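Okay, structure first, notes after.
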Amino acid sequence: MIRWDNLTYTELEKMLNDKTVVILPIGSVEEHGPHLPLSSDMIQPYYIAEQISDRIGAIILPPISYGWTKTMNSFKGTISINFETLKMLVFDILNAVCKTGVKNIVILSGHASKLHMAALNLAADEILDIYHIKIMVLSDYDIAYEYRGRLVPETDSHAGIIETSRVMAIAPELVKKEWKYEKKKTEKKYMVLKDIREYYTYGTLSDPEGATPELGDQLNKLITDRLIDYIKTNFEL
Ligand SMILES: [Zn+2]
């Protein structure tokens with residue numbers, strides 16, 4: 001695994017060429033039910049970035065642990081940063097990375113809420129106005145959720161089977177043995193909620209029952225393989 005900030009500037013200078021791929025992992029500090037750590041959205045993309053680095057020599061940037069999340073009103077521990085803060089932080093980091101001559105960047109977020117992803121996409125758009133480079137923006141959950149309806153139920157969601165399994169595979173010591181799931185009533189369509197506990201008492205948006213480290217390992221491998229394929233195709237490596 002190659003970490004950008006573990007290198008010296010001279011090592012980095014030697015390593016950079018037009019084919020170099022740099023990954024910026026982004027997470028969130030967010031409740032994930034009573035069974036998963038607040039760092040779940042950071043643990044997962046960082047692990048995927050490590051696998052990709054080992055396989056194709058991509059360089060991992062120091063990650064951004066914070067993101068924009070909706071659950072700060074409802075659960076202790078969640079720390080959300082403003083949309084503008086997130087967008088500017090990502091822009092500033094990309095700007096500096098581009099100045100060093102990097103041409104291929106992957107922004108890989110473990111957190112996938114729409115507004116959070118919009119901030120990352122907007123920062124990437126603004127960078128493309130300045131530099132002739134290639135950028136991918138995705139969540140590892142864009143790929144993971146393609147396996148809903150096949151490996152897990154169609155309704156699997158936040159802190160459910162996929163997420164619990166993946167964290168069990170990566171950091172089993174951080175997963176609590178007992179999980180809780182309760183949906184209070186049928187969700188009303190298009191409602192903007194102040195407190196998601198109105199529907200989801202425990203902050204688990206689908207039932208994690210059935211999660212296993214073996215399934216997590218399988219999913220992590222599938223995500224890594226698919227993302228490497230996308231990187232090779234998109235960056236013409
Ligand atoms: Zn998550």
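Chain lettering (A, B, ...) mirrors the order of the structure tokens, residue numbering begins at 1 for each chain separately, and ligand numbering begins at 1 in order of display.
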request  = Do a neighbour search on Glu163 (chain A) at 12 Å with only C-alpha atoms, toss out local chain neighbours closer than 5 positions, and write the hits as a ChimeraX atom specification.
outcome  = /A:32-33,35-37,39-45,110-111,140-141,144-145,148,152,156-158,168-171,175,204-213,215-217,219-220
Nearby residues (only C-alpha atoms) at most 9 Å from Tyr202 (chain A), same-chain spacing under 6 positions excluded, as a PDB file with N, CA and C atoms, in the first residue's frame:
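The new file out31.pdb reads:
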```pdb
ATOM      1  N   HIS A  32     -24.186   4.333  12.772  1.00  0.00           N
ATOM      2  CA  HIS A  32     -24.494   3.164  11.940  1.00  0.00           C
ATOM      3  C   HIS A  32     -25.159   2.105  12.811  1.00  0.00           C
ATOM      4  N   GLY A  33     -26.236   2.529  13.491  1.00  0.00           N
ATOM      5  CA  GLY A  33     -26.920   1.604  14.391  1.00  0.00           C
ATOM      6  C   GLY A  33     -26.091   1.363  15.641  1.00  0.00           C
ATOM      7  N   PRO A  34     -26.622   0.547  16.558  1.00  0.00           N
ATOM      8  CA  PRO A  34     -25.889   0.283  17.808  1.00  0.00           C
ATOM      9  C   PRO A  34     -24.781  -0.753  17.631  1.00  0.00           C
ATOM     10  N   PHE A  75     -28.863  11.319  16.332  1.00  0.00           N
ATOM     11  CA  PHE A  75     -28.011  10.386  17.051  1.00  0.00           C
ATOM     12  C   PHE A  75     -26.741  11.055  17.557  1.00  0.00           C
ATOM     13  N   LYS A 180     -29.801  -4.257  16.340  1.00  0.00           N
ATOM     14  CA  LYS A 180     -31.226  -3.976  16.509  1.00  0.00           C
ATOM     15  C   LYS A 180     -31.758  -3.283  15.266  1.00  0.00           C
ATOM     16  N   TYR A 181     -32.945  -3.673  14.889  1.00  0.00           N
ATOM     17  CA  TYR A 181     -33.585  -3.030  13.749  1.00  0.00           C
ATOM     18  C   TYR A 181     -35.073  -2.933  14.024  1.00  0.00           C
ATOM     19  N   GLU A 182     -35.625  -1.769  13.796  1.00  0.00           N
ATOM     20  CA  GLU A 182     -37.060  -1.591  13.938  1.00  0.00           C
ATOM     21  C   GLU A 182     -37.510  -0.470  13.029  1.00  0.00           C
ATOM     22  N   LYS A 183     -38.475  -0.752  12.181  1.00  0.00           N
ATOM     23  CA  LYS A 183     -39.059   0.305  11.362  1.00  0.00           C
ATOM     24  C   LYS A 183     -40.420   0.591  11.965  1.00  0.00           C
TER      25      LYS A 183
END
```
message = I'd like the neighbourhood of region 82-90 of chain A as a ChimeraX atom specification, where a residue qualifies if any of its atoms comes within 12 Å (using only C-alpha atoms), though same-chain residues fewer than 6 positions away should be ignored.
response = /A:24-28,61-70,72,96-97,105-109,113-127,137
query = For ligand 1, which of A:Thr224, A:Thr186, A:Asn234, A:Ser165 is the closest residue, counting only C-alpha atoms and all ligand atoms?
reply = A:Ser165
message = From the options A:Lys19, A:His132, A:Arg166, A:Lys99, which residue's atoms come nearest to ligand 1, counting only C-alpha atoms and all ligand atoms?
response =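 Selected residue with least distance to ligand 1: A:Arg166.
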query = Glu198 (chain A): which residues within 9 Å, counting only C-alpha atoms, same-chain residues fewer than 2 positions away excluded, as a ChimeraX atom specification?
reply = /A:183-185,193-196,200-201
Export of prior selection with N, CA and C atoms as a short mmCIF file (atom, residue, chain, number, x, y, z; two decimals), in the first residue's frame:
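Once written, result.cif looks like this:
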```
data_model
loop_
_atom_site.label_atom_id
_atom_site.label_comp_id
_atom_site.auth_asym_id
_atom_site.auth_seq_id
_atom_site.Cartn_x
_atom_site.Cartn_y
_atom_site.Cartn_z
N LYS A 183 -38.48 -0.75 12.18
CA LYS A 183 -39.06 0.31 11.36
C LYS A 183 -40.42 0.59 11.96
N LYS A 184 -40.63 1.82 12.41
CA LYS A 184 -41.84 2.12 13.19
C LYS A 184 -43.12 2.13 12.37
N LYS A 185 -43.08 2.78 11.23
CA LYS A 185 -44.29 2.84 10.41
C LYS A 185 -43.90 3.05 8.96
N LEU A 193 -37.35 15.01 6.54
CA LEU A 193 -37.44 14.67 7.95
C LEU A 193 -36.44 15.45 8.79
N LYS A 194 -36.88 15.89 9.95
CA LYS A 194 -35.95 16.52 10.88
C LYS A 194 -35.24 15.43 11.69
N ASP A 195 -35.98 14.38 12.04
CA ASP A 195 -35.44 13.34 12.89
C ASP A 195 -35.77 11.97 12.31
N ILE A 196 -34.76 11.25 11.84
CA ILE A 196 -35.07 9.96 11.20
C ILE A 196 -35.52 8.91 12.22
N TYR A 200 -36.93 5.19 12.06
CA TYR A 200 -35.93 4.17 12.37
C TYR A 200 -35.35 4.41 13.76
N THR A 201 -35.87 3.69 14.73
CA THR A 201 -35.53 3.90 16.12
C THR A 201 -34.03 3.82 16.38
#
```
request  = Run DSSP on the backbone and grab whatever in region 47-220 of chain A lands in strand (DSSP E or B); send it over as a PyMOL selection string.
outcome  = chain A and resi 59-60+64+67+79-80+104-109+134-139+148+152+183+200
